[in-house]
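Undergrad: One structure is given below, represented as structure tokens, and several questions about it will come after.
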Amino acid sequence: MRTALVFAAFLVSATAQTVPFVQFAPAAAATTEGPTSTALPFGSALARRVLFAYDGGAVDFQHAMRITAVELRPEGGPLGSAVNGSYNFTLTCSTGRNAAAALDPVFANNHGADRTTVFSSAWNVPAPVVGQSPNPFGLRIPFSPPFEWDPRSGPLLLDFACQASTPAFGSWDALNTGVGGISALGAAAASATVSSTVAPVLRVTAQAQCAPASLATVEGPSSVNGGYLWCCSLLLRRQDLYEPSVLGFTQRQMITGLAWRMDNGAAFSGGRLDARIVLSTSSRTAATMSNWFADNEGTDHTVVFDGWIDLPPSPANPDVGSFDVFLPLQRAFDYDPARGSLVVDIRKRAQPPFPLSTAYDGIASIPGARTLFDGSYNAVSGFPGFPVAVLALRTVAIPTAPAALATAVNTLPSATSLPLNVTQGRALNVISAAEAGILQPIFIRHLRLRPEPGTTFFGPATWTCRIDLSHAATTPATLSATFDLNHGSNRTRVFDGQFSVPFTTRATTDPEFPIEVKLQRPFRWDPVASPYLAIDFATTALQGSGVAVATTAGMTIDDGRVTANTAAATSGFVSNIAFAVQLGGTDQNGIATNYGSGCAGINGFPRSTPLGLPTLPNRDLRIGVRNAAGNAPTLLTFGFAAAATPIAGAPGCEVLHGLELGTYGFVVSDASGSAALALPLPGSPALDGVQLRSQWFVLDASANPLGISVSDGTMLVGRFF
């Protein structure tokens, strides 16, 4: 009967249901009492204003998450008395402008542009459980609307404006590392009278998706033996494939965390293990899944975690929506259900002798999902028939404006040179939340554009530009030719600098959006406050080859634009199109800029070709060369300083850097004159902003008396977060 009910749910609907993802601040607080305590914000009956700040390290997470609630717990031990409490308060959240340890005494000066009221009401709290160490979390504050926070953009601010209240407990468990606080008497206080290095320990609930979607709030009819997932000293390789039909969401998502739950809410014993996890998008289905692991991985296979995982224990929990084994990814994964199935490939390499829990929630047989398993870390093939694990995916949506072009290329003549195929220009686009399918506030941290139809390759290129976003003051039908009149009062300079694209090849009908810029400041778009968004893109310089981008020309789309041929223009030409754009992404603005010129060989001038960008980390970065002599030895060299040193015996050839690091590697080009060497970059903040210059040397007897040709140079600038 239980199995029949689950399958009935699939037949009725595969609608997405969100599930909670729990994150502790700090991570060790799951099972450890905090080092200190605080009476704020609710341990006093006096009206007051209290602001707490949490750096990303305090929450131990490195990617954006949509927070739906926070919880506090009483100070551990016998202190205090447990009584019912009543609180009347307003809570606002934002991404802070200042470090947690360097808060400004003026409350407003700490808040970012994404400040959002997430709670405003009277709140009755039952007497919390006390007498333990640590105590359970006994005060939960639900967020409406949710708040999307990326710790890489600044600390999380919780600003409490508390009216007089009846405290339920006198002291709350707290931490004193990576946090800060300010406070003052009076809920409307503008400036603080007290500063602190203490903030409450938090349990943060974030929004996630469930795979299979129908089991978000339903116990699976089977279980996964821990030896086939996370248990014991058994090595393993496991692949779980989930077709889009069982995921229950259709919009592109950035996956930032994974979690599994115990069977029937059993306690989780915790543990430590060494694992490597790869996510990919596969053209395979459950019915066509191969017994060979590699056959099921897509070309976008990405190592999202590689190393030791510390998993704290958790008590038995009857809440089916609770996921106990939580893994924040080291690298986010961009998944589009329209492109195929999601494949989760797990390799467990080692584990200390103590066991983890032995039974995880699962489903033995389900249309649209399948599992392969083998008891060897290095297995190349596996055995089907094992239960599929119930999996939670912490995600942030990546909407496309318009949604009709999310996975389809506009085949009508639909290209514009502005803003990326010019050295100077300005393009203000007004796009519609309805056309993008945006129903709740989102935080925009990246913009992605698509090359015009027919483009088979582009880059490398680097643009210098500035980007302003705002709630549009006009509609596409009422656009003004004066740029500034189309902006709303919340106009924000979200980017002012450089971004690059590497050399990229693509199919003419490729629906991807490979031109990506990470904004320096997030922007909150609330479709209720404004159904239209203004994107004002001013290009001031271009190094390399520009690229025309795809637009909505010829489509019945609610959008419009104003353009001009200079970045400083105050007015321009109005038209009823805009570029197609994705509001989201994964990468930082690593810079790869070609400079100087090489000297010709048998195939013309060799071109240095970065394949990828120096984002930190980037295990897949390669430095390539094109137009070298075919089947010729080529050397890749590195240095720090710019130079233009003539090479004796090779007229017109110059060394374009200081050769401080010398020769990096040697490779033989292919018949067409192309070659590449891997340059994997670690995720080290020490490399952030470091400039490195590279150049290729090609043995080419026909080039000159010395018998070499050289490429132009590439300047690489690493970017961390």
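The way I read the labels, and the way they are meant: chains A, B, ... in the order of the structure tokens, residue 1 as the first residue of every chain, and ligand 1 as the first ligand shown, with later ones counted on from there.
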Need the shell around range 135-151 of chain A: protein/DNA/RNA residues with any atom at most 7 Å away, counting only C-alpha atoms. Skip same-chain ones fewer than 2 positions apart. Format as a ChimeraX atom specification?
TA: /A:55-56,62-76,95,118-119,125,128-133,153-155,443
Undergrad: Those same residues - C-alpha atoms - I'd like them written as a tab-separated table (two decimals), in the first residue's frame.
TA:
```
chain	number	residue	atom	x	y	z
A	55	ASP	CA	30.83	36.69	8.00
A	56	GLY	CA	30.68	33.86	5.48
A	62	GLN	CA	30.59	29.62	0.07
A	63	HIS	CA	27.63	29.89	-2.28
A	64	ALA	CA	24.32	31.70	-2.48
A	65	MET	CA	21.36	30.30	-0.58
A	66	ARG	CA	17.73	31.34	-0.19
A	67	ILE	CA	17.12	31.59	3.57
A	68	THR	CA	13.59	30.76	4.71
A	69	ALA	CA	14.07	30.84	8.51
A	70	VAL	CA	16.59	31.22	11.33
A	71	GLU	CA	16.49	29.64	14.79
A	72	LEU	CA	18.08	30.48	18.14
A	73	ARG	CA	18.65	28.23	21.15
A	74	PRO	CA	18.90	28.96	24.89
A	75	GLU	CA	22.29	29.00	26.60
A	76	GLY	CA	23.23	25.47	27.66
A	95	THR	CA	24.30	41.76	2.63
A	118	VAL	CA	11.64	39.37	6.23
A	119	PHE	CA	9.50	39.40	9.40
A	125	VAL	CA	7.09	31.40	21.56
A	128	PRO	CA	12.03	26.52	25.18
A	129	VAL	CA	13.66	23.34	26.42
A	130	VAL	CA	16.54	24.07	28.79
A	131	GLY	CA	18.95	22.13	30.98
A	132	GLN	CA	20.96	20.50	28.17
A	133	SER	CA	24.29	21.43	26.60
A	153	SER	CA	29.38	39.42	-1.36
A	154	GLY	CA	29.53	40.41	2.31
A	155	PRO	CA	28.31	39.39	5.78
A	443	PHE	CA	19.06	38.67	-6.23
```
Undergrad: Nearest residue to His487 in chain A out of A:Ser530, A:Ser196, A:Ser223, A:Gln520, using only C-alpha atoms?
TA: A:Ser530
Undergrad: What is the CA of Val549 in chain A to CA of Gln498 in chain A distance in Å?
TA: 18.0 Å
Undergrad: Could you pull the residues within 12 Å of Thr288 in chain A, counting only C-alpha atoms, minus those fewer than 5 positions along the same chain, as a count of residues only?
TA: 13
Undergrad: What's around Met715 in chain A at 6 Å? Count only C-alpha atoms, leave out sequence neighbours fewer than 4 positions away in its own chain, and write the answer as a ChimeraX atom specification.
TA: /A:592-593,692-693
Undergrad: Might you pull out every residue within 8 Å of range 554-565 of chain A, with only C-alpha atoms counted and same-chain residues fewer than 5 positions away left off, and present them as a PyMOL selection string?
TA: chain A and resi 402+412-414+418+424-432+435+475-477+479-481+483+571-578
Undergrad: Using Å and a single decimal, report how far CA of Thr552 in chain A sits from CA of Thr508 in chain A.
TA: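 Taking CA of Thr508 in chain A as the start and CA of Thr552 in chain A as the end point, the length is 16.9 Å.
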Undergrad: To one decimal place in Å, what is the distance between CA of Ala190 in chain A and CA of Ala53 in chain A?
TA: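 CA of Ala53 in chain A lies 16.7 Å from CA of Ala190 in chain A.
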Undergrad: Point out the residue among A:Thr586, A:Thr492, A:Ser470, A:Ser222 with the least atom-to-atom distance to Ala529 in chain A, counting only C-alpha atoms.
TA: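 The closest residue to Ala529 in chain A is A:Ser470.
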Undergrad: At a cut-off of 6 Å, using only C-alpha atoms, what residues contact Val717 in chain A? Leave out same-chain residues fewer than 6 positions from it and give the result as a compact mmCIF listing (two decimals) with N, CA and C atoms, in the first residue's frame.
TA:
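Now in around-v5.txt:
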```txt
# COMPACT_ATOMS: atom_id res chain seq x y z
N GLY A 590 37.52 36.23 -13.66
CA GLY A 590 38.92 36.06 -13.98
C GLY A 590 39.22 36.73 -15.31
N ILE A 591 40.36 37.39 -15.41
CA ILE A 591 40.69 38.17 -16.60
C ILE A 591 41.74 37.43 -17.43
N GLY A 689 43.89 38.42 -7.66
CA GLY A 689 44.50 39.63 -8.18
C GLY A 689 45.91 39.46 -8.71
N VAL A 690 46.48 38.27 -8.60
CA VAL A 690 47.84 38.04 -9.10
C VAL A 690 47.83 38.07 -10.63
N GLN A 691 48.78 38.81 -11.23
CA GLN A 691 48.91 38.89 -12.68
C GLN A 691 50.02 37.97 -13.16
```
Undergrad: Running DSSP on the backbone, which parts of range 428-458 of chain A land in strand (DSSP E or B), as number ranges by chain?
TA: A: 428-432, 442-449, 451, 457-458
Undergrad: Compile the contact shell of Ile442 in chain A as a list in words: residues with an atom at most 7 Å away, counting only C-alpha atoms, same-chain residues fewer than 5 positions apart removed.
TA: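 The neighbour list is Arg524, Trp525 and Asp526 of chain A.
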Undergrad: Mind writing the picked residues with C-alpha atoms as an mmCIF file, in the first residue's frame?
TA:
```cif
data_model
loop_
_atom_site.group_PDB
_atom_site.id
_atom_site.type_symbol
_atom_site.label_atom_id
_atom_site.label_comp_id
_atom_site.auth_asym_id
_atom_site.auth_seq_id
_atom_site.Cartn_x
_atom_site.Cartn_y
_atom_site.Cartn_z
ATOM 1 C CA ARG A 524 17.464 42.691 -5.573
ATOM 2 C CA TRP A 525 14.663 42.696 -8.147
ATOM 3 C CA ASP A 526 11.198 42.555 -6.627
#
```
Undergrad: With distances taken over only C-alpha atoms, which residue among A:Pro328, A:Gly96, A:Pro705, A:Pro419 lies nearest Leu542 in chain A?
TA: A:Pro419
Undergrad: Nearest to Asp240 in chain A: which of A:Asn264, A:Thr256, A:Thr407, A:Ser290 is it, counting only C-alpha atoms?
TA: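 So, comparing all the options, the nearest one is A:Ser290.
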Undergrad: List every residue of range 438-517 of chain A that DSSP, applied to the backbone of this structure, assigns to helix (DSSP H, G or I), and report them as number ranges by chain.
TA: A: 476-478, 483-486
Undergrad: Show me, as JSON lines, the residues of range 598-702 of chain A having an atom within 12 Å of range 299-314 of chain A, each with the closest atom pair and its distance in Å, using only C-alpha atoms.
TA:
```
{"residue": "A:Pro617", "atom": "CA", "partner": "A:Val304", "partner_atom": "CA", "distance": 11.0}
{"residue": "A:Asn618", "atom": "CA", "partner": "A:Val303", "partner_atom": "CA", "distance": 10.3}
{"residue": "A:Arg619", "atom": "CA", "partner": "A:Val303", "partner_atom": "CA", "distance": 8.8}
{"residue": "A:Asp620", "atom": "CA", "partner": "A:Thr302", "partner_atom": "CA", "distance": 9.4}
```
